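Here is work.cif, consisting of mmCIF, C-alpha atoms:
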data_work
loop_
_atom_site.label_atom_id
_atom_site.label_comp_id
_atom_site.auth_asym_id
_atom_site.auth_seq_id
_atom_site.Cartn_x
_atom_site.Cartn_y
_atom_site.Cartn_z
CA MET A 13 37.41 -23.02 -78.98
CA LEU A 14 34.58 -22.20 -76.55
CA GLU A 15 34.55 -18.77 -74.97
CA LYS A 16 36.20 -18.72 -71.55
CA ARG A 17 33.06 -17.91 -69.57
CA LYS A 18 31.19 -20.88 -71.01
CA SER A 19 34.13 -23.26 -70.58
CA ASP A 20 34.53 -22.12 -66.95
CA ASP A 21 30.80 -22.76 -66.38
CA ILE A 22 31.14 -26.26 -67.84
CA ILE A 23 34.10 -27.03 -65.60
CA ARG A 24 32.09 -25.93 -62.55
CA LEU A 25 29.21 -28.14 -63.71
CA ILE A 26 31.47 -31.17 -64.09
CA LYS A 27 33.13 -30.66 -60.71
CA ARG A 28 29.68 -30.48 -59.13
CA GLU A 29 28.33 -33.59 -60.86
CA VAL A 30 31.44 -35.82 -60.85
CA VAL A 31 32.23 -36.31 -57.17
CA PRO A 32 33.27 -39.16 -54.83
CA ALA A 33 30.54 -41.13 -53.09
CA ILE A 34 30.57 -44.05 -50.64
CA GLY A 35 27.66 -46.43 -51.14
CA CYS A 36 24.50 -46.14 -53.19
CA THR A 37 23.61 -42.47 -53.38
CA GLU A 38 19.89 -42.86 -52.56
CA PRO A 39 20.24 -44.39 -49.05
CA VAL A 40 23.31 -42.19 -48.58
CA ALA A 41 21.23 -39.09 -49.38
CA VAL A 42 18.66 -40.27 -46.83
CA ALA A 43 21.45 -40.72 -44.26
CA LEU A 44 22.70 -37.22 -45.12
CA CYS A 45 19.26 -35.73 -44.51
CA VAL A 46 18.99 -37.58 -41.20
CA ALA A 47 22.46 -36.38 -40.21
CA LYS A 48 21.36 -32.78 -40.88
CA ALA A 49 18.30 -33.29 -38.69
CA LYS A 50 20.51 -34.63 -35.91
CA GLU A 51 22.80 -31.61 -36.21
CA LEU A 52 19.82 -29.24 -36.06
CA LEU A 53 18.50 -31.07 -33.03
CA GLY A 54 21.86 -31.00 -31.27
CA ASN A 55 21.78 -34.67 -30.27
CA VAL A 56 20.75 -38.12 -31.49
CA PRO A 57 16.98 -38.13 -32.20
CA ASP A 58 14.64 -40.31 -30.18
CA ASN A 59 12.18 -40.50 -33.08
CA ILE A 60 12.70 -40.17 -36.81
CA CYS A 61 9.89 -40.05 -39.38
CA LEU A 62 10.75 -40.13 -43.08
CA ARG A 63 8.61 -39.45 -46.13
CA LEU A 64 10.35 -40.55 -49.33
CA SER A 65 9.52 -40.28 -53.01
CA GLY A 66 8.97 -43.57 -54.82
CA ASN A 67 12.25 -43.39 -56.70
CA ILE A 68 14.22 -42.91 -53.48
CA LEU A 69 12.40 -45.80 -51.86
CA LYS A 70 12.91 -48.01 -54.91
CA ASN A 71 16.64 -47.33 -55.10
CA ALA A 72 17.26 -47.85 -51.39
CA MET A 73 15.38 -51.08 -50.65
CA GLY A 74 17.80 -53.75 -51.80
CA VAL A 75 21.28 -52.27 -51.82
CA GLY A 76 24.17 -52.96 -49.45
CA ILE A 77 25.08 -50.20 -46.99
CA PRO A 78 28.87 -49.73 -46.80
CA GLY A 79 30.65 -51.28 -43.84
CA THR A 80 27.52 -52.88 -42.36
CA GLY A 81 26.90 -56.21 -44.09
CA MET A 82 23.25 -55.10 -44.21
CA ILE A 83 20.88 -53.86 -46.89
CA GLY A 84 18.19 -51.23 -47.05
CA LEU A 85 17.12 -47.98 -45.43
CA PRO A 86 16.78 -48.70 -41.68
CA ILE A 87 20.50 -49.15 -41.06
CA ALA A 88 21.33 -46.15 -43.28
CA VAL A 89 18.89 -44.02 -41.27
CA ALA A 90 20.23 -45.28 -37.94
CA LEU A 91 23.84 -44.63 -38.91
CA GLY A 92 22.98 -41.19 -40.25
CA ALA A 93 21.55 -40.39 -36.82
CA LEU A 94 24.42 -41.94 -34.87
CA ILE A 95 27.62 -41.15 -36.78
CA GLY A 96 26.65 -39.23 -39.94
CA LYS A 97 28.39 -35.93 -40.67
CA THR A 98 26.94 -33.58 -43.28
CA GLU A 99 30.39 -32.11 -43.97
CA TYR A 100 31.22 -35.41 -45.70
CA ALA A 101 28.36 -34.91 -48.22
CA LEU A 102 27.91 -38.17 -50.20
CA GLU A 103 30.57 -39.77 -48.01
CA VAL A 104 28.36 -39.12 -44.97
CA LEU A 105 28.83 -42.71 -43.69
CA ARG A 106 32.62 -42.57 -43.90
CA ASP A 107 33.06 -43.17 -40.15
CA VAL A 108 31.11 -46.46 -39.94
CA THR A 109 32.65 -48.95 -37.49
CA PRO A 110 31.50 -52.38 -36.22
CA ASP A 111 30.53 -50.74 -32.93
CA ALA A 112 28.42 -48.16 -34.77
CA VAL A 113 26.67 -50.93 -36.70
CA GLU A 114 25.76 -52.72 -33.47
CA LYS A 115 24.39 -49.50 -32.01
CA GLY A 116 22.51 -48.98 -35.26
CA LYS A 117 20.86 -52.38 -34.92
CA GLU A 118 19.79 -51.46 -31.39
CA TYR A 119 18.42 -48.16 -32.63
CA ILE A 120 16.33 -49.99 -35.23
CA SER A 121 15.09 -52.56 -32.69
CA ALA A 122 13.95 -49.76 -30.38
CA GLY A 123 11.40 -48.71 -33.01
CA LYS A 124 12.72 -45.18 -33.38
CA ILE A 125 12.38 -45.10 -37.19
CA SER A 126 9.25 -44.69 -39.31
CA ILE A 127 9.49 -44.77 -43.13
CA LYS A 128 6.58 -43.81 -45.38
CA LEU A 129 6.03 -43.37 -49.10
CA PHE A 130 5.37 -39.77 -50.19
CA GLU A 131 2.52 -40.30 -52.64
CA ALA A 132 2.79 -36.98 -54.50
CA PRO A 133 6.27 -35.49 -54.00
CA PRO A 134 7.27 -32.29 -55.81
CA CYS A 135 9.94 -34.21 -57.73
CA ASN A 136 11.27 -37.76 -58.15
CA LEU A 137 14.15 -37.23 -55.74
CA HIS A 138 12.59 -36.07 -52.49
CA ILE A 139 13.46 -36.81 -48.85
CA GLU A 140 11.70 -35.38 -45.80
CA VAL A 141 12.98 -36.07 -42.30
CA THR A 142 11.17 -35.03 -39.13
CA ALA A 143 13.05 -35.78 -35.91
CA SER A 144 12.51 -35.10 -32.21
CA ASP A 145 14.11 -35.72 -28.83
CA ASN A 146 11.24 -37.05 -26.72
CA GLY A 147 9.03 -34.17 -27.71
CA ASN A 148 11.21 -31.39 -26.30
CA ASN A 149 12.53 -30.27 -29.68
CA GLU A 150 11.43 -31.05 -33.22
CA VAL A 151 13.26 -30.41 -36.47
CA LYS A 152 12.59 -30.93 -40.15
CA ALA A 153 15.09 -31.31 -42.99
CA VAL A 154 14.26 -31.74 -46.68
CA ILE A 155 16.49 -32.74 -49.59
CA SER A 156 14.93 -32.38 -53.03
CA GLY A 157 15.97 -32.28 -56.68
CA SER A 158 19.49 -33.60 -56.17
CA HIS A 159 21.19 -35.80 -53.59
CA THR A 160 22.78 -33.04 -51.50
CA ASN A 161 20.34 -30.20 -52.20
CA PHE A 162 18.77 -29.08 -48.90
CA VAL A 163 15.68 -27.01 -49.68
CA TYR A 164 14.03 -26.73 -46.26
CA LEU A 165 15.24 -26.63 -42.64
CA GLU A 166 13.12 -25.95 -39.57
CA LYS A 167 13.63 -26.14 -35.80
CA ASN A 168 10.81 -25.80 -33.27
CA GLY A 169 8.63 -23.99 -35.80
CA GLU A 170 11.35 -21.53 -36.86
CA VAL A 171 12.14 -21.78 -40.59
CA LEU A 172 15.91 -21.69 -41.10
CA LEU A 173 15.94 -22.34 -44.86
CA ASN A 174 13.19 -22.39 -47.47
CA LYS A 175 13.99 -23.04 -51.14
CA GLU A 176 11.10 -25.45 -51.76
CA ASN A 177 9.85 -23.40 -54.70
CA GLU A 178 13.15 -24.26 -56.45
CA CYS A 179 12.54 -28.04 -56.47
CA HIS A 180 12.62 -29.57 -59.93
CA ASP A 181 13.49 -32.90 -61.52
CA SER A 182 15.88 -31.56 -64.11
CA GLU A 183 19.58 -31.95 -63.51
CA SER A 184 20.25 -28.40 -64.63
CA ASP A 185 19.21 -25.00 -63.42
CA PRO A 186 18.49 -22.98 -66.59
CA GLU A 187 19.44 -19.77 -64.81
CA THR A 188 22.92 -20.88 -63.71
CA ASP A 189 24.03 -24.02 -65.55
CA PRO A 190 25.39 -24.04 -69.09
CA GLN A 191 22.91 -25.51 -71.52
CA LEU A 192 24.68 -28.18 -73.51
CA ASP A 193 24.40 -29.81 -76.90
CA LEU A 194 26.58 -32.58 -78.25
CA ARG A 195 28.70 -30.26 -80.40
CA THR A 196 29.56 -28.21 -77.31
CA VAL A 197 30.29 -31.38 -75.31
CA TYR A 198 32.60 -32.66 -78.04
CA GLU A 199 34.44 -29.36 -78.55
CA PHE A 200 34.97 -28.87 -74.83
CA SER A 201 36.29 -32.41 -74.34
CA THR A 202 38.63 -32.40 -77.32
CA GLU A 203 39.84 -28.78 -77.47
CA MET A 204 40.23 -27.57 -73.88
CA PRO A 205 43.85 -27.32 -72.64
CA TYR A 206 44.79 -30.66 -71.11
CA GLU A 207 45.80 -29.16 -67.77
CA GLU A 208 42.30 -27.74 -67.32
CA ILE A 209 40.56 -31.11 -67.71
CA SER A 210 43.15 -33.54 -66.31
CA PHE A 211 41.26 -33.60 -62.99
CA ILE A 212 38.87 -36.11 -64.60
CA LEU A 213 41.60 -38.76 -64.27
CA GLU A 214 40.74 -38.99 -60.57
CA ALA A 215 37.66 -40.94 -61.69
CA ARG A 216 40.04 -43.54 -63.12
CA ARG A 217 41.94 -43.89 -59.84
CA LEU A 218 38.87 -44.28 -57.62
CA ASN A 219 36.83 -46.57 -59.86
CA LYS A 220 39.79 -48.80 -60.74
CA ALA A 221 40.37 -49.31 -57.02
CA ALA A 222 36.76 -50.43 -56.58
CA ALA A 223 37.11 -52.85 -59.49
CA ARG A 224 40.34 -54.33 -58.08
CA LEU A 225 38.68 -54.85 -54.71
CA ALA A 226 35.80 -56.86 -56.17
CA LEU A 227 38.03 -58.86 -58.52
CA SER A 228 39.93 -60.14 -55.49
CA GLY A 229 36.98 -60.76 -53.16
CA GLU A 230 33.31 -61.63 -52.81
CA TYR A 231 30.95 -58.71 -53.40
CA GLY A 232 27.41 -58.75 -54.74
CA HIS A 233 27.00 -61.44 -57.37
CA SER A 234 30.74 -61.36 -58.22
CA LEU A 235 29.95 -60.90 -61.89
CA GLY A 236 33.24 -59.17 -62.61
CA ALA A 237 35.26 -61.91 -60.92
CA THR A 238 33.24 -64.62 -62.66
CA ILE A 239 33.92 -63.15 -66.10
CA LYS A 240 37.59 -62.61 -65.23
CA ALA A 241 38.08 -66.13 -63.81
CA LYS A 242 40.87 -68.07 -65.46
CA GLY A 243 39.86 -71.21 -67.28
CA ILE A 244 36.11 -70.54 -67.53
CA SER A 245 35.84 -67.17 -69.30
CA LEU A 246 33.95 -67.44 -72.56
CA PHE A 247 35.07 -63.96 -73.61
CA GLY A 248 38.78 -64.72 -73.81
CA ASP A 249 41.51 -62.22 -73.03
CA SER A 250 39.94 -59.44 -75.10
CA PRO A 251 38.97 -55.76 -74.82
CA LEU A 252 35.33 -56.84 -74.43
CA GLU A 253 36.21 -59.10 -71.49
CA HIS A 254 38.30 -56.39 -69.87
CA ILE A 255 35.57 -53.77 -70.25
CA ILE A 256 32.78 -55.97 -68.89
CA SER A 257 34.76 -57.52 -66.03
CA ASN A 258 36.28 -54.27 -64.78
CA THR A 259 33.06 -52.27 -65.03
CA SER A 260 30.84 -54.92 -63.46
CA ALA A 261 33.41 -55.56 -60.71
CA ALA A 262 33.37 -51.93 -59.61
CA CYS A 263 29.58 -52.17 -59.51
CA ASP A 264 29.78 -55.43 -57.55
CA ALA A 265 31.86 -53.65 -54.89
CA ARG A 266 29.59 -50.65 -54.68
CA MET A 267 26.27 -52.52 -54.63
CA GLY A 268 27.71 -55.16 -52.31
CA GLY A 269 28.38 -52.59 -49.59
CA ALA A 270 32.15 -52.14 -49.88
CA GLN A 271 33.30 -49.21 -47.78
CA ILE A 272 35.22 -47.60 -50.61
CA PRO A 273 34.54 -44.38 -52.53
CA VAL A 274 33.74 -44.36 -56.24
CA MET A 275 33.55 -41.38 -58.56
CA SER A 276 29.88 -40.72 -59.25
CA ASN A 277 28.20 -38.93 -62.14
CA SER A 278 24.99 -36.91 -61.76
CA GLY A 279 24.37 -38.29 -58.29
CA SER A 280 24.92 -41.96 -59.17
CA GLY A 281 27.96 -44.08 -58.38
CA ASN A 282 26.93 -46.72 -60.90
CA GLN A 283 26.67 -44.06 -63.61
CA GLY A 284 30.10 -42.81 -62.67
CA ILE A 285 31.51 -46.34 -62.88
CA CYS A 286 29.76 -46.96 -66.19
CA ALA A 287 31.06 -43.72 -67.69
CA THR A 288 34.59 -44.40 -66.45
CA MET A 289 35.63 -48.03 -66.56
CA PRO A 290 34.95 -48.95 -70.23
CA VAL A 291 37.04 -45.96 -71.32
CA VAL A 292 39.81 -46.68 -68.81
CA SER A 293 39.91 -50.37 -69.70
CA TYR A 294 40.08 -49.82 -73.45
CA ALA A 295 42.61 -46.99 -73.07
CA GLU A 296 44.92 -49.37 -71.21
CA ASP A 297 44.48 -52.05 -73.86
CA ILE A 298 45.59 -49.69 -76.63
CA ASN A 299 48.28 -47.97 -74.50
CA SER A 300 46.60 -44.61 -74.81
CA ASP A 301 48.54 -41.62 -73.49
CA GLU A 302 47.28 -39.66 -70.48
CA GLU A 303 45.92 -36.71 -72.46
CA THR A 304 43.92 -38.84 -74.89
CA THR A 305 42.57 -40.91 -72.00
CA ALA A 306 41.55 -37.77 -70.12
CA ARG A 307 39.77 -36.36 -73.17
CA ALA A 308 37.89 -39.62 -73.72
CA LEU A 309 36.88 -39.72 -70.06
CA MET A 310 35.73 -36.12 -70.21
CA LEU A 311 33.69 -36.83 -73.34
CA SER A 312 32.08 -39.82 -71.63
CA HIS A 313 31.25 -38.03 -68.38
CA LEU A 314 30.08 -34.79 -69.97
CA THR A 315 27.89 -36.64 -72.48
CA SER A 316 26.24 -38.40 -69.53
CA ILE A 317 25.71 -35.09 -67.73
CA TYR A 318 24.22 -33.60 -70.90
CA ILE A 319 21.73 -36.45 -71.31
CA LYS A 320 20.75 -36.22 -67.65
CA GLN A 321 19.98 -32.52 -68.02
CA SER A 322 16.77 -33.41 -69.84
CA LEU A 323 16.11 -36.81 -68.26
CA GLY A 324 16.12 -35.79 -64.59
CA ARG A 325 17.97 -37.06 -61.54
CA LEU A 326 15.87 -40.22 -61.08
CA SER A 327 13.49 -41.90 -63.51
CA ALA A 328 12.10 -45.23 -64.67
CA LEU A 329 14.98 -45.46 -67.17
CA CYS A 330 18.06 -47.31 -65.92
CA GLY A 331 20.99 -44.94 -65.46
CA CYS A 332 23.30 -47.32 -67.29
CA VAL A 333 21.49 -46.36 -70.51
CA VAL A 334 22.74 -42.81 -70.05
CA ALA A 335 26.24 -43.57 -68.78
CA SER A 336 27.01 -46.32 -71.28
CA THR A 337 25.96 -43.93 -74.05
CA GLY A 338 28.59 -41.56 -72.72
CA ALA A 339 31.05 -44.44 -72.58
CA SER A 340 30.34 -45.28 -76.22
CA ALA A 341 31.24 -41.70 -77.17
CA GLY A 342 34.49 -42.01 -75.22
CA LEU A 343 35.33 -45.36 -76.78
CA THR A 344 34.69 -43.97 -80.26
CA TYR A 345 37.12 -41.12 -79.56
CA LEU A 346 39.77 -43.61 -78.38
CA MET A 347 39.30 -45.54 -81.62
CA GLY A 348 40.18 -42.38 -83.56
CA GLY A 349 36.66 -41.22 -84.29
CA GLY A 350 35.68 -37.58 -84.74
CA TYR A 351 32.45 -35.73 -84.10
CA ASN A 352 30.47 -37.55 -86.83
CA GLU A 353 31.50 -40.97 -85.55
CA VAL A 354 30.65 -39.98 -81.97
CA CYS A 355 27.18 -38.90 -83.18
CA SER A 356 26.75 -42.26 -84.89
CA SER A 357 27.76 -44.22 -81.78
CA ILE A 358 25.24 -42.31 -79.68
CA LYS A 359 22.43 -42.87 -82.16
CA ASN A 360 23.32 -46.57 -82.26
CA MET A 361 22.98 -46.64 -78.46
CA VAL A 362 19.60 -44.89 -78.53
CA ALA A 363 18.40 -47.50 -81.03
CA ASN A 364 19.37 -50.35 -78.71
CA LEU A 365 19.12 -49.70 -74.96
CA THR A 366 16.16 -47.31 -74.74
CA GLY A 367 13.53 -48.65 -72.38
CA MET A 368 15.67 -50.62 -69.92
CA ILE A 369 13.86 -50.18 -66.60
CA CYS A 370 15.30 -49.13 -63.29
CA ASP A 371 14.01 -51.49 -60.60
CA GLY A 372 16.13 -50.12 -57.82
CA ALA A 373 19.75 -50.16 -56.77
CA LYS A 374 20.90 -53.68 -55.92
CA PRO A 375 23.71 -56.19 -56.58
CA SER A 376 22.19 -57.27 -59.91
CA CYS A 377 22.80 -53.77 -61.29
CA SER A 378 26.13 -55.22 -62.43
CA LEU A 379 24.19 -57.31 -64.98
CA LYS A 380 22.52 -54.24 -66.46
CA ILE A 381 25.79 -52.33 -66.52
CA SER A 382 27.40 -55.21 -68.40
CA SER A 383 24.63 -55.07 -70.98
CA GLY A 384 25.18 -51.34 -71.32
CA VAL A 385 28.95 -51.35 -71.71
CA SER A 386 29.03 -54.29 -74.12
CA THR A 387 26.52 -52.39 -76.25
CA ALA A 388 28.71 -49.29 -75.95
CA LEU A 389 31.65 -51.13 -77.50
CA MET A 390 29.49 -52.60 -80.24
CA SER A 391 27.97 -49.20 -81.06
CA ALA A 392 31.42 -47.61 -81.25
CA MET A 393 32.67 -50.36 -83.55
CA LEU A 394 29.72 -49.87 -85.88
CA ALA A 395 30.28 -46.12 -85.93
CA MET A 396 33.95 -46.55 -86.78
CA ASN A 397 32.92 -48.87 -89.61
CA GLY A 398 30.69 -46.15 -91.07
CA LYS A 399 27.45 -47.73 -89.82
CA CYS A 400 24.71 -45.75 -88.09
CA VAL A 401 21.06 -46.46 -87.38
CA THR A 402 19.00 -44.23 -89.68
CA GLU A 403 16.07 -41.90 -89.12
CA ALA A 404 13.83 -44.49 -90.79
CA GLU A 405 14.41 -46.81 -87.82
CA GLY A 406 12.50 -46.44 -84.57
CA ILE A 407 13.02 -43.38 -82.37
CA VAL A 408 16.35 -42.33 -83.89
CA SER A 409 16.54 -38.97 -85.66
CA ASP A 410 19.19 -37.77 -88.09
CA ASP A 411 19.89 -35.01 -85.56
CA VAL A 412 21.81 -36.48 -82.63
CA ASP A 413 20.48 -33.96 -80.08
CA ARG A 414 16.92 -34.74 -81.11
CA SER A 415 17.69 -38.46 -80.78
CA ILE A 416 18.86 -37.80 -77.22
CA ARG A 417 15.70 -35.84 -76.45
CA ASN A 418 13.62 -38.71 -77.86
CA LEU A 419 15.40 -41.03 -75.43
CA THR A 420 14.94 -38.77 -72.42
CA SER A 421 11.29 -37.98 -73.15
CA ILE A 422 10.53 -41.69 -73.08
CA GLY A 423 12.36 -42.10 -69.77
CA ARG A 424 10.96 -38.95 -68.20
CA GLU A 425 7.35 -38.99 -69.42
CA ALA A 426 6.31 -42.13 -71.27
CA MET A 427 7.63 -44.50 -68.58
CA LEU A 428 5.85 -42.87 -65.62
CA GLU A 429 3.30 -45.70 -65.41
CA THR A 430 6.13 -48.22 -65.72
CA ASP A 431 7.83 -46.58 -62.74
CA LYS A 432 4.66 -46.89 -60.65
CA ALA A 433 4.19 -50.54 -61.65
CA VAL A 434 7.81 -51.38 -60.78
CA LEU A 435 7.52 -49.79 -57.34
CA ASP A 436 4.18 -51.50 -56.69
CA ILE A 437 5.72 -54.89 -57.51
CA MET A 438 8.76 -54.22 -55.32
CA VAL A 439 6.89 -53.10 -52.20
CA ASN A 440 4.27 -55.85 -52.42
CA LYS A 441 6.46 -58.89 -52.99
#
Would you write out, as C-alpha cells, the structure that this file holds?
Amino acid sequence: MLEKRKSDDIIRLIKREVVPAIGCTEPVAVALCVAKAKELLGNVPDNICLRLSGNILKNAMGVGIPGTGMIGLPIAVALGALIGKTEYALEVLRDVTPDAVEKGKEYISAGKISIKLFEAPPCNLHIEVTASDNGNNEVKAVISGSHTNFVYLEKNGEVLLNKENECHDSESDPETDPQLDLRTVYEFSTEMPYEEISFILEARRLNKAAARLALSGEYGHSLGATIKAKGISLFGDSPLEHIISNTSAACDARMGGAQIPVMSNSGSGNQGICATMPVVSYAEDINSDEETTARALMLSHLTSIYIKQSLGRLSALCGCVVASTGASAGLTYLMGGGYNEVCSSIKNMVANLTGMICDGAKPSCSLKISSGVSTALMSAMLAMNGKCVTEAEGIVSDDVDRSIRNLTSIGREAMLETDKAVLDIMVNK
C-alpha cells in the first residue's frame, strides 16, 4: 500500500486532471481567457486581439462550439466576451442561448476580433488576449501550460498577476505533483480503499450520457450511430462493437457541438471519453461489479495522466494514443490481468499506435478514437494470452516505463517538424 501522503497527492492530481468540460477544450480555453479579460475590463470589450500558439489554433479551427451550430474560434471568442463566466472554468460557455449566438454573430460581423498565430510561444498551449473598450481601458490575460492556468493579468499597465516564468509544456509540476511510474499507478488503482476512488465513476455517468445523445441523434459524422445501426453493422452484437460505437458516439456528440458536459482527462474531453467508454462498455458486457469497474476506470485514467506527464499538454501526437493506452490497461484488469499483463498490453499499444498525428479537433476525431480503442481491446487480448511485443521489435523496451518514455519522446520532440507541417497545411488550404 502506498504511503498516505503520496496517495493523497495522487488523488489531488486526479481530481485536478479529470474534470467536466463542455465543448472542445482548446476553443473553450480561449473563451475562458476572453471571459477573464472581459471581467478585468468590467464590460464587454470593443476590441479583442488574440495571439495563439500553433497547437491551440490547430485544435480550434474545425470543431463545433456547443449550442451554436457553428465551428471555429470567432464564435467561441465572441461568446466568451458576451456570456462567458470564468467561475465555470472549462464549462465557461454553459449559458449559451440562441439569443447569445445571434449577438455573437453580430459581434463577429462588427470586426471586433483579431486572431494571430504566436510564432514562438513559451509552450505549446499558450493563449494571449488583449482587450479594450474604445481605448479608455486596456487589459491583458494569458493562459499558458494548461487550459485553465492563468499566468499573467494586467489592467491599464498595472500587473495584477505574473507567473510567466512558470510556463512549461509538461503536465506535471515536479515541485508539487507526484511523480508516477506504472507500478505506482497500478498499486494505487488496485489497492486503494474503494470509497476513496469511487468518485471516478462520475466519468461513467457523464460520458455515457454523451454517447446516448449521439446514438439517438445526428452529431458529427455519426460514426457511433452508424456502427450501432441495426441491420448494417459488420461488427455484430459484440464487445468490440459496443466499445467502438459507444466511444465514438460520445466523441461525435462532443466534436459536433452538443451542449453537454463530458469528463475530460488532462485537459482533453476526447481523452476523457477514450479513457472511460471502452472500460465502461466492457464492464457492462461482463457484468462487472461497481468496485472492479471503478478500479479499472482509475487504472485507465491514471495511466493516461502518467503518460501525459512526460508528453506535454498538447503535441503532434494524437491524444487518443495516450488515452486508449490507458483504456487497454483498464480492459486488461477487467479481463483478470495483473501487473505483468497490464505492462504487456501497454507495450503492445506502444508498438502499434505510436506516430498517429493530431491534425486538430474536429468531427473526424471519432475515427481516430475508434482506431485507438479497437487496438486497446486487441492489445489486452494479446496480453491475456501471454503475448507481448519484445524489445527486439521497434521502439518497445522490456521496461514498460522506458517504453512509455520512448513513445512520449517521439511525440514531444521527434514530431515537432510534423506538427509544423500539419499546421501549415491546415491554415493554407
Extending 8 Å beyond the listed atoms of region 322-328 of chain A on each side, what axis-aligned box results? I want centre and edge lengths in Å to one decimal, as AutoDock Vina command-line options.
--center_x 15.0 --center_y -39.3 --center_z -65.5 --size_x 21.9 --size_y 27.8 --size_z 24.8
At a cut-off of 10 Å around the point (13.1, -32.1, -31.1) (file coordinates), what residues fall inside when counting all atoms listed in the file? I'd like the answer as a compact mmCIF listing (two decimals) with C-alpha atoms, in the frame of the given file.
# COMPACT_ATOMS: atom_id res chain seq x y z
CA ALA A 49 18.30 -33.29 -38.69
CA LYS A 50 20.51 -34.63 -35.91
CA LEU A 52 19.82 -29.24 -36.06
CA LEU A 53 18.50 -31.07 -33.03
CA GLY A 54 21.86 -31.00 -31.27
CA ASN A 55 21.78 -34.67 -30.27
CA VAL A 56 20.75 -38.12 -31.49
CA PRO A 57 16.98 -38.13 -32.20
CA ASP A 58 14.64 -40.31 -30.18
CA ASN A 59 12.18 -40.50 -33.08
CA ILE A 60 12.70 -40.17 -36.81
CA THR A 142 11.17 -35.03 -39.13
CA ALA A 143 13.05 -35.78 -35.91
CA SER A 144 12.51 -35.10 -32.21
CA ASP A 145 14.11 -35.72 -28.83
CA ASN A 146 11.24 -37.05 -26.72
CA GLY A 147 9.03 -34.17 -27.71
CA ASN A 148 11.21 -31.39 -26.30
CA ASN A 149 12.53 -30.27 -29.68
CA GLU A 150 11.43 -31.05 -33.22
CA VAL A 151 13.26 -30.41 -36.47
CA LYS A 152 12.59 -30.93 -40.15
CA LYS A 167 13.63 -26.14 -35.80
CA ASN A 168 10.81 -25.80 -33.27
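For the structure shown here, the set of residues caught by the PyMOL selection byres ((chain A and resi 136) around 10) is Leu64, Ser65, Gly66, Asn67, Ile68, Ala132, Pro133, Pro134, Cys135, Leu137, His138, Ile139, Ser156, Gly157, Ser158, Cys179, His180, Asp181, Ser182, Gly324, Arg325, Leu326, Ser327 and Ala328 of chain A.
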| Residue nearest Arg28 (chain A) - candidates A:Ser250, A:Ser312, A:Ser409, A:Ser278, atoms counted: all atoms listed in the file | A:Ser278
| request: Please write the residues picked by the PyMOL selection byres ((chain A and resi 127) around 6) on this file as a PyMOL selection string. | output: chain A and resi 62+126+128
| remark: One residue among A:Val154, A:Ser391, A:Pro39, A:Asp189 is nearest to Met267 (chain A) when using only C-alpha atoms, and that residue is A:Pro39
| field | Selection near Leu323 (chain A), 7 Å with all atoms listed in the file, sequence-local residues under 4 positions removed, as a list in words | value | Ser182, Ile319, Thr420, Ser421, Gly423 and Arg424 of chain A
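Evaluated against the shown file, the PyMOL selection byres ((chain A and resi 414) around 12) gives Asp193, Leu194, Ile319, Ser322, Cys355, Ile358, Lys359, Val362, Glu403, Ile407, Val408, Ser409, Asp410, Asp411, Val412, Asp413, Ser415, Ile416, Arg417, Asn418, Leu419, Thr420 and Ser421 of chain A.
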Given the selection you just returned, output its residues as a file containing C-alpha atoms, formatted as a compact mmCIF listing (two decimals), in the frame of the given file.
# COMPACT_ATOMS: atom_id res chain seq x y z
CA ASP A 193 24.40 -29.81 -76.90
CA LEU A 194 26.58 -32.58 -78.25
CA ILE A 319 21.73 -36.45 -71.31
CA SER A 322 16.77 -33.41 -69.84
CA CYS A 355 27.18 -38.90 -83.18
CA ILE A 358 25.24 -42.31 -79.68
CA LYS A 359 22.43 -42.87 -82.16
CA VAL A 362 19.60 -44.89 -78.53
CA GLU A 403 16.07 -41.90 -89.12
CA ILE A 407 13.02 -43.38 -82.37
CA VAL A 408 16.35 -42.33 -83.89
CA SER A 409 16.54 -38.97 -85.66
CA ASP A 410 19.19 -37.77 -88.09
CA ASP A 411 19.89 -35.01 -85.56
CA VAL A 412 21.81 -36.48 -82.63
CA ASP A 413 20.48 -33.96 -80.08
CA SER A 415 17.69 -38.46 -80.78
CA ILE A 416 18.86 -37.80 -77.22
CA ARG A 417 15.70 -35.84 -76.45
CA ASN A 418 13.62 -38.71 -77.86
CA LEU A 419 15.40 -41.03 -75.43
CA THR A 420 14.94 -38.77 -72.42
CA SER A 421 11.29 -37.98 -73.15
| One-decimal distance in Å that lies between CA of Asn352 (chain A) and CA of Val401 (chain A) | 13.0 Å
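Of the residues listed (A:Ile95, A:Ala433, A:Val354, A:Ala306), A:Ala306 shows the shortest atom-to-atom separation from Pro205 (chain A); distances use all atoms listed in the file.
Comparing the minimum interatomic distances between Thr98 (chain A) and each of A:Leu173, A:Ala295, A:Leu44, A:Ile120, counting all atoms listed in the file, we find that A:Leu44 sits nearest.
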| note | Separating CA of Ala223 (chain A) from CA of Arg24 (chain A), to the nearest tenth of an Å, is a gap of 27.6 Å
| note | Here CA of Ala33 (chain A) and CA of Lys380 (chain A) stand apart by 20.4 Å
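With only C-alpha atoms as the atoms that count, the minimum distance from Ser280 (chain A) to the choices A:Ser316, A:Ser293, A:Thr402, A:Ser383 is reached by A:Ser316.
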| If we count only C-alpha atoms, what is near Asn258 (chain A) at a cut-off of 10 Å, once residues fewer than 5 positions away on the same chain are taken out, given as a PyMOL selection string? | chain A and resi 219-220+222-224+226-227+235-237+239-240+253+263-264+285-286+289-290+292-293+382
Taking C-alpha atoms for each residue, export the selection above as a short mmCIF file (atom, residue, chain, number, x, y, z; two decimals), in the coordinates of the input.
data_model
loop_
_atom_site.label_atom_id
_atom_site.label_comp_id
_atom_site.auth_asym_id
_atom_site.auth_seq_id
_atom_site.Cartn_x
_atom_site.Cartn_y
_atom_site.Cartn_z
CA ASN A 219 36.83 -46.57 -59.86
CA LYS A 220 39.79 -48.80 -60.74
CA ALA A 222 36.76 -50.43 -56.58
CA ALA A 223 37.11 -52.85 -59.49
CA ARG A 224 40.34 -54.33 -58.08
CA ALA A 226 35.80 -56.86 -56.17
CA LEU A 227 38.03 -58.86 -58.52
CA LEU A 235 29.95 -60.90 -61.89
CA GLY A 236 33.24 -59.17 -62.61
CA ALA A 237 35.26 -61.91 -60.92
CA ILE A 239 33.92 -63.15 -66.10
CA LYS A 240 37.59 -62.61 -65.23
CA GLU A 253 36.21 -59.10 -71.49
CA CYS A 263 29.58 -52.17 -59.51
CA ASP A 264 29.78 -55.43 -57.55
CA ILE A 285 31.51 -46.34 -62.88
CA CYS A 286 29.76 -46.96 -66.19
CA MET A 289 35.63 -48.03 -66.56
CA PRO A 290 34.95 -48.95 -70.23
CA VAL A 292 39.81 -46.68 -68.81
CA SER A 293 39.91 -50.37 -69.70
CA SER A 382 27.40 -55.21 -68.40
#
